[in-house]
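Enquirer: Compact mmCIF, C-alpha atoms and all ligand atoms, file protein.txt:
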```txt
# COMPACT_ATOMS: atom_id res chain seq x y z
CA MET G 1226 27.00 -27.08 -3.41
CA ALA G 1227 24.29 -24.45 -3.61
CA THR G 1228 21.72 -24.19 -0.85
CA ILE G 1229 18.44 -22.36 -0.65
CA ASN G 1230 17.50 -19.33 1.39
CA SER G 1231 15.58 -21.37 3.95
CA ASN G 1232 13.78 -18.26 5.18
CA TYR G 1233 11.43 -18.77 2.22
CA ARG G 1234 10.28 -21.99 3.89
CA LYS G 1235 9.10 -19.99 6.88
CA LEU G 1236 6.57 -18.05 4.80
CA SER G 1237 3.18 -18.98 6.20
CA ALA G 1238 1.36 -19.64 2.93
CA GLY G 1239 1.18 -18.49 -0.63
CA TYR G 1240 0.98 -14.74 -1.13
CA LEU G 1241 -2.58 -13.64 -0.35
CA PHE G 1242 -3.69 -12.57 -3.83
CA PRO G 1243 -2.52 -15.72 -5.68
CA GLU G 1244 -4.48 -17.77 -3.08
CA ILE G 1245 -7.62 -15.73 -3.81
CA GLY G 1246 -6.97 -16.34 -7.51
CA ARG G 1247 -6.67 -20.09 -6.92
CA ARG G 1248 -9.98 -20.31 -5.01
CA THR G 1249 -11.69 -18.13 -7.59
CA ARG G 1250 -10.51 -20.30 -10.51
CA GLU G 1251 -11.75 -23.38 -8.67
CA PHE G 1252 -15.18 -21.77 -8.20
CA GLN G 1253 -15.33 -20.68 -11.83
CA LYS G 1254 -14.45 -24.20 -12.99
CA HIS G 1255 -17.55 -25.55 -11.25
CA ASN G 1256 -19.74 -22.51 -12.07
CA PRO G 1257 -18.74 -21.52 -15.61
CA ASP G 1258 -21.78 -19.27 -16.09
CA ALA G 1259 -21.29 -17.20 -12.93
CA ARG G 1260 -20.38 -13.57 -13.71
CA LEU G 1261 -17.74 -12.81 -11.12
CA MET G 1262 -17.41 -9.33 -9.62
CA ARG G 1263 -13.93 -8.51 -8.35
CA LEU G 1264 -13.71 -6.26 -5.32
CA GLY G 1265 -10.67 -8.12 -4.05
CA ILE G 1266 -7.28 -6.80 -5.08
CA GLY G 1267 -7.07 -3.02 -5.18
CA ASN G 1268 -6.58 -2.81 -8.92
CA THR G 1269 -7.43 0.39 -10.79
CA THR G 1270 -9.97 0.08 -13.62
CA GLU G 1271 -10.49 3.54 -15.12
CA PRO G 1272 -8.41 4.71 -18.10
CA LEU G 1273 -5.48 7.09 -17.81
CA THR G 1274 -6.53 10.70 -18.26
CA PRO G 1275 -5.83 12.72 -21.46
CA THR G 1276 -3.01 14.78 -19.92
CA ILE G 1277 -1.22 11.64 -18.74
CA ILE G 1278 -1.61 9.93 -22.12
CA GLU G 1279 -0.14 13.06 -23.73
CA GLY G 1280 2.81 12.85 -21.31
CA LEU G 1281 3.40 9.21 -22.23
CA TYR G 1282 3.23 10.07 -25.97
CA THR G 1283 5.74 12.85 -25.42
CA GLY G 1284 8.04 10.38 -23.70
CA ALA G 1285 7.67 7.88 -26.55
CA LYS G 1286 8.13 10.49 -29.28
CA LYS G 1287 11.36 11.74 -27.69
CA LEU G 1288 12.81 8.30 -28.24
CA ALA G 1289 12.19 8.56 -32.00
CA ASP G 1290 14.51 11.53 -32.46
CA VAL G 1291 18.27 11.44 -32.09
CA LYS G 1292 18.23 14.94 -30.56
CA THR G 1293 15.93 13.91 -27.70
CA TYR G 1294 16.65 10.19 -27.38
CA THR G 1295 17.85 9.05 -23.93
CA GLY G 1296 19.19 5.73 -22.71
CA TYR G 1297 19.80 5.24 -19.00
CA GLY G 1298 18.45 8.23 -17.09
CA ASP G 1299 19.57 10.06 -13.95
CA GLU G 1300 20.30 7.43 -11.32
CA GLN G 1301 17.76 8.55 -8.71
CA GLY G 1302 15.14 9.25 -11.37
CA ASN G 1303 14.75 12.11 -13.86
CA THR G 1304 15.70 15.39 -12.24
CA ALA G 1305 12.61 17.14 -13.64
CA LEU G 1306 10.36 14.50 -12.05
CA ARG G 1307 12.14 14.69 -8.68
CA GLU G 1308 11.84 18.47 -8.76
CA ALA G 1309 8.14 18.21 -9.64
CA LEU G 1310 7.63 15.81 -6.72
CA ALA G 1311 9.43 18.20 -4.37
CA ALA G 1312 7.14 21.00 -5.62
CA PHE G 1313 4.09 18.74 -5.09
CA TYR G 1314 5.07 18.40 -1.41
CA GLY G 1315 6.01 22.09 -1.24
CA ALA G 1316 2.51 23.10 -2.37
CA ARG G 1317 1.25 21.36 0.78
CA GLY G 1318 3.72 23.14 3.01
CA VAL G 1319 6.09 20.17 3.28
CA SER G 1320 9.72 20.78 2.45
CA VAL G 1321 11.39 17.85 0.66
CA SER G 1322 14.67 18.09 -1.25
CA PRO G 1323 14.80 16.53 -4.74
CA ASP G 1324 18.14 15.01 -3.59
CA ASP G 1325 16.23 12.90 -1.05
CA ILE G 1326 13.73 11.55 -3.61
CA PHE G 1327 14.30 8.22 -5.36
CA VAL G 1328 12.05 7.35 -8.31
CA SER G 1329 11.19 3.68 -8.63
CA ASP G 1330 8.83 1.29 -10.37
CA GLY G 1331 6.34 1.33 -7.51
CA ALA G 1332 5.67 1.25 -3.79
CA LYS G 1333 5.60 -2.53 -3.54
CA PRO G 1334 9.23 -3.04 -4.59
CA ASP G 1335 10.33 -0.12 -2.42
CA SER G 1336 8.45 -1.35 0.63
CA SER G 1337 9.92 -4.81 0.28
CA ASN G 1338 13.48 -3.68 -0.56
CA ILE G 1339 13.90 -0.87 1.96
CA GLN G 1340 14.57 -3.33 4.81
CA SER G 1341 17.89 -4.21 3.17
CA ILE G 1342 19.53 -1.02 4.50
CA PHE G 1343 18.83 -2.01 8.13
CA GLY G 1344 20.69 -4.40 10.40
CA PRO G 1345 19.91 -8.11 10.10
CA SER G 1346 18.87 -8.35 13.75
CA ASP G 1347 16.80 -5.18 13.93
CA ILE G 1348 13.43 -5.70 15.60
CA ILE G 1349 10.57 -5.06 13.20
CA ALA G 1350 7.12 -3.80 14.21
CA VAL G 1351 4.11 -3.99 11.91
CA GLN G 1352 0.51 -2.92 12.22
CA ASP G 1353 -1.77 -5.90 12.64
CA PRO G 1354 -3.47 -6.26 10.18
CA ALA G 1355 -0.98 -5.02 7.56
CA TYR G 1356 -0.15 -5.15 3.86
CA PRO G 1357 1.64 -8.54 3.72
CA VAL G 1358 4.76 -7.26 1.95
CA TYR G 1359 6.21 -5.66 5.11
CA VAL G 1360 6.12 -8.96 6.99
CA ASP G 1361 7.12 -11.26 4.14
CA SER G 1362 10.12 -9.18 3.05
CA ASN G 1363 11.48 -9.24 6.60
CA VAL G 1364 10.82 -12.97 6.94
CA ILE G 1365 12.79 -13.59 3.74
CA ALA G 1366 15.59 -11.36 5.05
CA GLY G 1367 15.80 -13.49 8.20
CA ARG G 1368 14.42 -11.03 10.77
CA ALA G 1369 11.62 -13.36 11.89
CA GLY G 1370 11.58 -16.71 13.63
CA GLN G 1371 9.21 -19.53 12.80
CA TYR G 1372 5.53 -19.05 11.95
CA ASP G 1373 3.38 -19.95 14.94
CA GLN G 1374 0.29 -21.64 13.42
CA GLU G 1375 -1.76 -21.28 16.58
CA GLN G 1376 -1.20 -17.53 16.90
CA SER G 1377 -0.90 -16.92 13.14
CA LYS G 1378 2.19 -14.84 13.92
CA TYR G 1379 5.92 -15.01 13.35
CA THR G 1380 8.02 -15.14 16.44
CA GLY G 1381 10.45 -12.26 16.63
CA LEU G 1382 8.17 -9.71 14.97
CA VAL G 1383 6.21 -7.16 16.98
CA TYR G 1384 2.54 -6.89 16.00
CA MET G 1385 0.89 -3.55 16.77
CA ASP G 1386 -2.75 -4.26 17.37
CA CYS G 1387 -5.26 -2.35 15.20
CA SER G 1388 -8.78 -3.02 16.39
CA GLU G 1389 -12.20 -1.44 16.68
CA GLU G 1390 -11.17 -0.18 20.14
CA ASN G 1391 -8.31 1.96 18.86
CA GLY G 1392 -9.99 2.96 15.57
CA PHE G 1393 -7.64 0.59 13.70
CA PHE G 1394 -4.56 2.68 14.41
CA PRO G 1395 -2.10 1.30 16.98
CA ASP G 1396 -0.54 2.75 20.09
CA VAL G 1397 3.26 2.95 20.05
CA PRO G 1398 4.89 -0.33 21.14
CA ASP G 1399 5.53 -0.78 24.85
CA GLN G 1400 8.94 -2.26 24.06
CA LYS G 1401 11.94 -1.03 22.08
CA VAL G 1402 11.73 -1.80 18.39
CA ASP G 1403 13.97 -0.58 15.58
CA VAL G 1404 11.93 -0.35 12.38
CA LEU G 1405 8.19 0.37 12.35
CA TYR G 1406 5.95 0.08 9.29
CA LEU G 1407 2.95 2.40 9.18
CA CYS G 1408 0.47 2.69 6.32
CA SER G 1409 -1.99 5.60 6.25
CA PRO G 1410 -4.57 5.70 4.68
CA ASN G 1411 -4.41 2.11 5.67
CA ASN G 1412 -4.44 -0.93 3.54
CA PRO G 1413 -6.47 -2.98 4.51
CA THR G 1414 -8.61 -1.19 7.14
CA GLY G 1415 -9.13 2.16 5.40
CA ALA G 1416 -8.31 3.96 8.68
CA VAL G 1417 -6.35 7.22 8.49
CA ALA G 1418 -3.96 8.37 11.23
CA ASP G 1419 -4.46 11.87 12.56
CA ARG G 1420 -1.65 14.27 13.46
CA ARG G 1421 -1.65 13.36 17.14
CA GLN G 1422 -1.31 9.67 16.32
CA LEU G 1423 1.52 10.22 13.84
CA LYS G 1424 3.26 12.54 16.29
CA SER G 1425 3.20 9.83 18.95
CA PHE G 1426 5.10 7.53 16.54
CA VAL G 1427 7.55 10.24 15.50
CA ASP G 1428 8.25 10.97 19.18
CA TYR G 1429 8.70 7.25 19.85
CA ALA G 1430 11.08 6.84 16.89
CA ARG G 1431 13.20 9.83 17.91
CA ARG G 1432 13.37 8.62 21.52
CA ASN G 1433 14.45 5.13 20.48
CA LYS G 1434 16.57 5.94 17.43
CA ALA G 1435 14.08 3.85 15.47
CA VAL G 1436 12.91 4.36 11.88
CA ILE G 1437 9.36 4.66 10.59
CA ILE G 1438 8.70 3.32 7.11
CA PHE G 1439 5.63 5.32 6.16
CA ASP G 1440 3.63 3.92 3.26
CA ALA G 1441 1.55 6.80 1.88
CA SER G 1442 0.40 5.03 -1.30
CA TYR G 1443 -3.22 6.08 -0.72
CA SER G 1444 -2.54 9.66 0.41
CA GLU G 1445 -4.42 11.21 -2.52
CA TYR G 1446 -7.65 9.60 -1.28
CA ILE G 1447 -7.68 11.85 1.77
CA SER G 1448 -10.23 14.61 1.34
CA ASP G 1449 -10.42 15.69 4.99
CA PRO G 1450 -8.07 18.73 5.18
CA ASP G 1451 -7.26 18.00 8.84
CA LEU G 1452 -5.70 14.61 8.11
CA PRO G 1453 -1.97 14.41 7.28
CA ARG G 1454 -1.05 13.10 3.82
CA SER G 1455 2.66 12.87 4.51
CA ILE G 1456 4.55 11.93 7.65
CA TYR G 1457 6.77 14.94 7.01
CA GLU G 1458 3.84 17.14 8.06
CA ILE G 1459 4.91 16.15 11.58
CA GLU G 1460 7.85 18.11 12.97
CA GLY G 1461 11.02 16.07 13.30
CA ALA G 1462 9.75 13.26 11.06
CA ASP G 1463 12.58 13.83 8.58
CA GLU G 1464 15.06 12.72 11.26
CA CYS G 1465 13.36 9.35 11.71
CA SER G 1466 11.14 8.49 8.73
CA ILE G 1467 11.27 7.16 5.21
CA GLU G 1468 8.17 7.79 3.10
CA ILE G 1469 7.11 5.56 0.22
CA ASN G 1470 4.49 6.57 -2.32
CA SER G 1471 3.25 5.57 -5.74
CA PHE G 1472 1.45 6.71 -8.87
CA SER G 1473 -0.52 3.43 -8.90
CA LYS G 1474 -3.64 4.42 -7.01
CA PHE G 1475 -2.98 8.16 -7.40
CA ALA G 1476 -3.01 8.13 -11.23
CA GLY G 1477 -3.97 4.60 -12.34
CA PHE G 1478 -0.36 3.42 -12.85
CA THR G 1479 -0.89 -0.08 -11.39
CA GLY G 1480 0.18 -1.57 -14.72
CA VAL G 1481 2.30 1.38 -15.91
CA ARG G 1482 4.53 1.23 -12.79
CA LEU G 1483 6.00 4.31 -11.12
CA GLY G 1484 6.62 5.25 -7.51
CA TRP G 1485 9.03 7.11 -5.27
CA SER G 1486 10.66 6.96 -1.88
CA ILE G 1487 12.03 9.73 0.26
CA VAL G 1488 15.09 8.95 2.33
CA PRO G 1489 15.96 12.27 4.00
CA GLY G 1490 19.58 13.28 4.37
CA LYS G 1491 18.78 14.17 7.98
CA LEU G 1492 17.66 10.62 8.80
CA THR G 1493 19.89 8.83 11.27
CA VAL G 1494 19.77 5.62 13.30
CA GLU G 1495 21.83 4.40 16.25
CA ASP G 1496 25.08 3.87 14.34
CA SER G 1497 24.74 6.11 11.30
CA LYS G 1498 25.82 9.59 10.34
CA PRO G 1499 23.40 12.01 8.62
CA GLY G 1500 23.23 11.18 4.91
CA GLU G 1501 24.55 7.66 5.35
CA LEU G 1502 21.19 5.88 5.03
CA ARG G 1503 20.31 7.98 2.00
CA ASN G 1504 23.64 7.04 0.42
CA MET G 1505 23.04 3.39 1.21
CA TRP G 1506 19.64 3.46 -0.50
CA PHE G 1507 21.31 5.15 -3.47
CA ARG G 1508 23.91 2.35 -3.47
CA ARG G 1509 21.21 -0.31 -3.17
CA GLN G 1510 19.10 1.10 -5.98
CA THR G 1511 21.99 1.71 -8.36
CA THR G 1512 23.24 -1.84 -7.78
CA PHE G 1513 19.95 -3.71 -8.08
CA PHE G 1514 17.80 -1.43 -10.24
CA ASN G 1515 18.28 0.54 -13.45
CA GLY G 1516 15.56 3.11 -12.99
CA ALA G 1517 11.94 3.49 -14.03
CA SER G 1518 11.16 3.64 -17.75
CA ASN G 1519 11.91 7.05 -19.26
CA ILE G 1520 8.52 7.07 -21.06
CA VAL G 1521 6.71 6.37 -17.80
CA GLN G 1522 8.60 9.11 -16.00
CA ASP G 1523 7.28 11.57 -18.59
CA GLY G 1524 3.83 10.22 -17.74
CA GLY G 1525 4.56 10.91 -14.06
CA LEU G 1526 5.57 14.46 -14.88
CA ALA G 1527 2.20 14.92 -16.64
CA VAL G 1528 0.39 13.61 -13.53
CA LEU G 1529 2.02 16.36 -11.47
CA SER G 1530 1.01 19.17 -13.87
CA PRO G 1531 -2.00 21.27 -12.80
CA ALA G 1532 -4.22 19.62 -15.44
CA GLY G 1533 -2.94 16.15 -14.52
CA LEU G 1534 -3.60 16.67 -10.81
CA ALA G 1535 -7.13 17.94 -11.47
CA GLU G 1536 -7.94 15.00 -13.76
CA CYS G 1537 -6.56 12.47 -11.24
CA GLN G 1538 -8.72 14.01 -8.51
CA GLU G 1539 -11.79 13.39 -10.69
CA VAL G 1540 -10.93 9.71 -11.07
CA ILE G 1541 -10.27 9.45 -7.33
CA SER G 1542 -13.70 11.03 -6.63
CA TYR G 1543 -15.24 8.41 -8.92
CA TYR G 1544 -13.67 5.58 -6.87
CA MET G 1545 -14.70 7.30 -3.64
CA GLU G 1546 -18.30 7.44 -4.86
CA ASN G 1547 -17.98 3.68 -5.40
CA ALA G 1548 -16.86 3.42 -1.77
CA ARG G 1549 -19.95 5.32 -0.66
CA ILE G 1550 -22.23 3.04 -2.69
CA ILE G 1551 -20.63 -0.09 -1.21
CA ARG G 1552 -20.86 1.22 2.33
CA SER G 1553 -24.50 2.26 2.12
CA GLY G 1554 -25.45 -1.10 0.55
CA LEU G 1555 -23.67 -3.11 3.22
CA GLN G 1556 -25.08 -1.00 6.02
CA SER G 1557 -28.59 -1.40 4.60
CA ILE G 1558 -28.43 -5.13 5.36
CA GLY G 1559 -27.04 -4.55 8.84
CA LEU G 1560 -23.32 -5.15 8.29
CA THR G 1561 -20.78 -3.15 10.29
CA VAL G 1562 -18.43 -1.28 7.97
CA TYR G 1563 -15.30 0.82 8.58
CA GLY G 1564 -13.02 2.79 6.26
CA GLY G 1565 -14.01 4.11 2.84
CA ASP G 1566 -14.13 7.79 3.89
CA ASN G 1567 -10.59 8.88 3.06
CA ALA G 1568 -9.39 5.56 1.63
CA PRO G 1569 -10.51 3.27 -1.19
CA TYR G 1570 -10.93 0.24 1.10
CA LEU G 1571 -13.92 -0.81 3.20
CA TRP G 1572 -13.36 -3.06 6.17
CA LEU G 1573 -16.38 -4.99 7.29
CA LYS G 1574 -16.98 -7.24 10.23
CA THR G 1575 -17.88 -10.74 9.15
CA PRO G 1576 -21.38 -11.64 10.34
CA GLY G 1577 -21.87 -14.00 13.28
CA SER G 1578 -18.71 -15.82 14.18
CA MET G 1579 -17.57 -16.52 10.64
CA THR G 1580 -13.88 -16.56 9.90
CA SER G 1581 -12.61 -14.31 7.12
CA TRP G 1582 -12.07 -17.22 4.68
CA GLU G 1583 -15.50 -18.70 5.50
CA PHE G 1584 -17.03 -15.36 4.59
CA PHE G 1585 -14.90 -15.24 1.40
CA ASP G 1586 -16.37 -18.59 0.30
CA LYS G 1587 -19.92 -17.63 1.31
CA LEU G 1588 -19.78 -14.31 -0.55
CA LEU G 1589 -18.38 -15.99 -3.64
CA GLN G 1590 -20.94 -18.83 -3.61
CA GLU G 1591 -24.01 -16.74 -2.85
CA THR G 1592 -23.26 -13.46 -4.63
CA TRP G 1593 -20.31 -14.14 -7.00
CA VAL G 1594 -18.48 -11.21 -5.41
CA ILE G 1595 -14.78 -11.57 -4.67
CA GLY G 1596 -13.32 -9.73 -1.69
CA THR G 1597 -10.23 -10.16 0.45
CA PRO G 1598 -10.25 -12.11 3.72
CA GLY G 1599 -9.00 -9.95 6.57
CA SER G 1600 -6.97 -12.78 8.08
CA GLY G 1601 -4.74 -12.66 5.00
CA PHE G 1602 -3.37 -9.41 6.43
CA GLY G 1603 -2.44 -10.88 9.80
CA PRO G 1604 -4.15 -12.33 12.88
CA GLY G 1605 -5.73 -8.96 13.73
CA GLY G 1606 -7.68 -9.19 10.46
CA GLU G 1607 -9.48 -12.38 11.46
CA GLY G 1608 -13.23 -11.80 11.54
CA TYR G 1609 -12.96 -8.97 9.03
CA PHE G 1610 -13.20 -8.69 5.28
CA ARG G 1611 -11.91 -6.08 2.83
CA LEU G 1612 -13.78 -4.75 -0.18
CA SER G 1613 -12.02 -2.53 -2.67
CA ALA G 1614 -13.73 0.48 -4.24
CA PHE G 1615 -11.74 0.16 -7.47
CA GLY G 1616 -14.10 -0.90 -10.25
CA HIS G 1617 -16.40 0.32 -13.00
CA ARG G 1618 -19.53 1.90 -11.54
CA GLU G 1619 -21.88 -0.62 -13.17
CA ASP G 1620 -19.85 -3.52 -11.71
CA ILE G 1621 -19.83 -1.96 -8.25
CA GLU G 1622 -23.59 -1.40 -8.44
CA ALA G 1623 -24.17 -4.95 -9.65
CA ALA G 1624 -21.97 -6.35 -6.87
CA VAL G 1625 -23.74 -4.33 -4.18
CA SER G 1626 -27.14 -5.35 -5.55
CA GLN G 1627 -26.12 -9.04 -5.50
CA ILE G 1628 -24.88 -8.71 -1.91
CA VAL G 1629 -28.03 -6.88 -0.77
CA THR G 1630 -30.42 -9.34 -2.44
CA ARG G 1631 -28.58 -12.65 -2.25
CA LEU G 1632 -26.38 -12.72 0.82
CA GLN G 1633 -28.05 -14.88 3.45
CA LEU G 1634 -27.46 -13.39 6.87
C1 LIG C 1 -4.03 -4.54 -2.53
O1 LIG C 1 -5.05 -4.98 -3.04
O2 LIG C 1 -3.77 -4.69 -1.33
C2 LIG C 1 -3.06 -3.81 -3.39
O3 LIG C 1 -3.58 -3.55 -4.63
C3 LIG C 1 -1.87 -4.61 -3.57
C4 LIG C 1 -0.77 -3.80 -4.11
O4 LIG C 1 -0.91 -2.60 -4.36
O5 LIG C 1 0.29 -4.37 -4.27
```
Write the structure described by the file as C-alpha cells, please.
Expert:
Amino acid sequence: MATINSNYRKLSAGYLFPEIGRRTREFQKHNPDARLMRLGIGNTTEPLTPTIIEGLYTGAKKLADVKTYTGYGDEQGNTALREALAAFYGARGVSVSPDDIFVSDGAKPDSSNIQSIFGPSDIIAVQDPAYPVYVDSNVIAGRAGQYDQEQSKYTGLVYMDCSEENGFFPDVPDQKVDVLYLCSPNNPTGAVADRRQLKSFVDYARRNKAVIIFDASYSEYISDPDLPRSIYEIEGADECSIEINSFSKFAGFTGVRLGWSIVPGKLTVEDSKPGELRNMWFRRQTTFFNGASNIVQDGGLAVLSPAGLAECQEVISYYMENARIIRSGLQSIGLTVYGGDNAPYLWLKTPGSMTSWEFFDKLLQETWVIGTPGSGFGPGGEGYFRLSAFGHREDIEAAVSQIVTRLQL
C-alpha cells in the first residue's frame, strides 16, 4: 500500500506565483479589455546579447559534427565552464576551486535540493520575509511542524526578522540553529548585506558549527563597490558556507536555465570531515540530475567572456534604470519605497493599514498593474508589496504612469 508524503499537506497554500496567476486570470476574465502590466514575478524580458547567442550557436553546431559531438558531459558541469566561473570569482579577489563548483539548471532547484545533505532534524533559520523555496523545501523534507494560521509561521522553523528597523537584514539568531538561509541582494526586499553583517553570520556559523546557504542570484545587480557580492569575500566563510548563484537574472537565462553552487571542500559541520559535504552533494547531483544542457553551458561560457560580461552589465543597467523610474514614480505620490538601488526589486509599504493581498487587488483593479504581495514571502512581509524592475521600458513607464494617475490613496 503506497502512502503519500504527508509533509506536502502542511504547505500553507499554493506556491505564491501560481496564486497570483489565478487571481490575475480571474480579473482578466471579468475585464477582457484591460491591458495588464506585470511587475510581479521577477522574469527577465530583454533578449540575450549577441555574444551569448553566438555561444549557444557554437554549442549547437558542435552537436552537428561527429568530431565535436558530446553526450553526457563532465559530472559537475563542463570543466571549461567551472574554470571560467573560478576565474570570474578570482577577478574579484575571491579564491574558489573549480573542484568545488557544481553546474546546475538554476538556483531554484539548487536552493530547494541542497537541504537534502543535512540531517532530518536540523533546525532551519530563514530570513522573514524570504524567497518561499527555502521554507517549502524544508517543510516537504519534514523539518517543520504544522503551519500556524494565526502567526502565519511553521512551528519548528526559526524566522529571522527583517524589518524597517534593521534595514531588512536580520541579526544572528539568539538560539542555536543549524542551517541558515541568507539571500543578498535580497529577494523580496531588495536589501543588500554589508561586510559587517555578513561577518556576523559567518562568525555565528563557525561558533555553532552551522551552515549558511547563501543565495547570491542577484549579485550582479550590486553596483556599490563596498558591498560584498559573494559570501566568500568574508574570511572563514568557506568553512561554513555554500553559495548558490544563477545565470537567470545575470544574463537573462530564466528560460534557458543555468546556475551553479559552490560547496567548498573545507566546509564542515558537527559530524563531518572536510570534503564530505562536497562529496555528498556530488553524490546527490549525480544520482538525481544528469547535468545542464551542453548547448546552454556553451552559452554560459560566452556570458563569462569579457564581451559577454560587458553586454550583460548593459542589460542589468537597463533594468536598474527601470528600478529608478518605478521608485521615483511611487515616491512622487507619497509611497514609502525600499530596495531598488543594488537589486532589481522594490519593496513598498502598503498605504494605510492595507494587507498585502488587499493592496494586490486594489492595484490590479485600479491600475491593471500586477505586483507581488509581501505576505507571500512570510509573515514579516505583511503590509509590504514587491515590484519587480524586470520589464520593457515602455511597459514600466506605462505601469508607473497608471499608478501615479489612477491609484486612489
Ligand atoms: C521571483 O519573482 O521571486 C523570482 O523570479 C522567482 C524565481 O527566480 O524563481
Enquirer: Neighbouring residues of Asn1504 in chain G were defined as those with any atom within 10 Å, considering all atoms listed in the file; residues of the same chain fewer than 2 positions away were excluded. Please report them as a list in words.
Expert: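 The filter keeps Asp1325, Ile1342, Val1488, Pro1489, Gly1490, Pro1499, Gly1500, Glu1501, Leu1502, Trp1506, Phe1507, Arg1508, Arg1509 and Gln1510 of chain G.
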Enquirer: To check your reading of the model: which residues sit at most 6 Å from ligand LIG 1 (chain C) when counting all atoms listed in the file? Write the answer as a list in words.
Expert: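 Based on all atoms listed in the file, ligand LIG 1 (chain C) is surrounded within 6 Å by Ile1266, Gly1267, Asn1268 and Lys1333 of chain G.
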Enquirer: Around (-3.9, 4.8, 12.8), as given in the file, which residues come within 10 Å? Count all atoms listed in the file and list them as an NGL selection string.
Expert: :G and (1352 or 1387-1388 or 1391-1396 or 1407-1411 or 1414-1423)
Enquirer: Choose the residue, out of G:Ser1231, G:Ser1466, G:Thr1249, G:Ser1600, that has the smallest atom-to-atom separation from Asp1586 in chain G; count only C-alpha atoms.
Expert: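 When distances to Asp1586 in chain G are compared using only C-alpha atoms, the smallest one comes from G:Thr1249.
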Enquirer: Given all atoms listed in the file as the basis, pick out the residue of G:Met1262, G:Asn1363, G:Ile1447, G:Asp1335 nearest to Arg1618 in chain G.
Expert: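 Looking at the shortest contact to Arg1618 in chain G, the residue is G:Met1262.
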Enquirer: Just checking: using only C-alpha atoms, which residue out of G:Gly1601, G:Ala1430, G:Ile1245, G:Gly1554 ends up closest to Pro1354 in chain G?
Expert: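 Ranked by minimum distance to Pro1354 in chain G, first place goes to G:Gly1601.
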Enquirer: One number please: CA of Arg1611 in chain G to CA of Glu1251 in chain G, in Å, one decimal.
Expert: 20.8 Å
Enquirer: One decimal, Å: what's the distance from CA of Ala1624 in chain G over to CA of Thr1592 in chain G, could you say?
Expert: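 Distance between the two atoms: 7.6 Å.
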Enquirer: Once you count only C-alpha atoms, which residues end up no further than 10 Å from (5.4, -9.1, 15.2) in the file's frame, shown as a list in words?
Expert: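 Output: Ile1348, Ile1349, Ala1350, Val1351, Gln1352, Asp1353, Val1360, Ala1369, Gly1370, Lys1378, Tyr1379, Thr1380, Gly1381, Leu1382, Val1383, Tyr1384, Met1385, Asp1386 and Gly1603 of chain G.
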Enquirer: For a test of reading the model, state the distance in Å between CA of Ser1626 in chain G and CA of Lys1574 in chain G, rounded to one decimal.
Expert: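 Pair CA of Ser1626 in chain G / CA of Lys1574 in chain G returns 18.9 Å.
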Enquirer: Would you please work out which residue, of G:Asn1230, G:Ser1473, G:Asn1515, G:Thr1293, is nearest to Cys1537 in chain G when using all atoms listed in the file?
Expert: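 Using all atoms listed in the file, Cys1537 in chain G sits closest to G:Ser1473.
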Enquirer: Between G:Arg1263, G:Arg1432, G:Arg1503, G:Arg1247, which has the minimum distance to Val1397 in chain G (counting all atoms listed in the file)?
Expert: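 For Val1397 in chain G, the nearest of the given residues is G:Arg1432.
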Enquirer: With all atoms listed in the file as the counted atoms, please give the residues lying no more than 10 Å from range 1287-1290 of chain G, apart from itself and same-chain residues fewer than 5 positions off, as JSON, numbers by chain.
Expert: {"G": [1281, 1282, 1295, 1296, 1519, 1520, 1523]}
Enquirer: Excluding same-chain residues fewer than 5 positions from Gly1246 in chain G, what lies within 12 Å of it counting only C-alpha atoms, as a list in words?
Expert: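 Here the answer would be Gly1239, Tyr1240, Leu1241, Glu1251, Phe1252, Gln1253, Leu1261, Arg1263, Gly1265, Ile1266, Phe1585, Ile1595, Gly1596 and Thr1597 of chain G.
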Enquirer: Quick one: residues within 12 Å of Arg1317 in chain G, only C-alpha atoms, excluding same-chain residues fewer than 4 positions away - as a PyMOL selection string?
Expert: chain G and resi 1310-1313+1321+1450+1453-1455+1457-1458
Enquirer: Axis-aligned box over every listed atom of range 1550-1561 of chain G, padded by 6 Å per side: centre and edges in Å to one decimal, as AutoDock Vina command-line options?
Expert:
```
--center_x -24.6 --center_y -1.1 --center_z 3.8 --size_x 20.0 --size_y 20.2 --size_z 25.0
```
Enquirer: Could you tell me which of G:Ser1518, G:Ser1444, G:Val1427, G:Thr1276 comes closest to Ile1469 in chain G if we count all atoms listed in the file?
Expert: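 Ranked by minimum distance to Ile1469 in chain G, first place goes to G:Ser1444.
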Enquirer: Report as a ChimeraX atom specification all protein, DNA and RNA residues lying within 12 Å of Glu1539 in chain G, evaluated on only C-alpha atoms, omitting residues in the same chain fewer than 2 positions from it.
Expert: /G:1271-1274,1445-1446,1475-1477,1532-1537,1541-1546
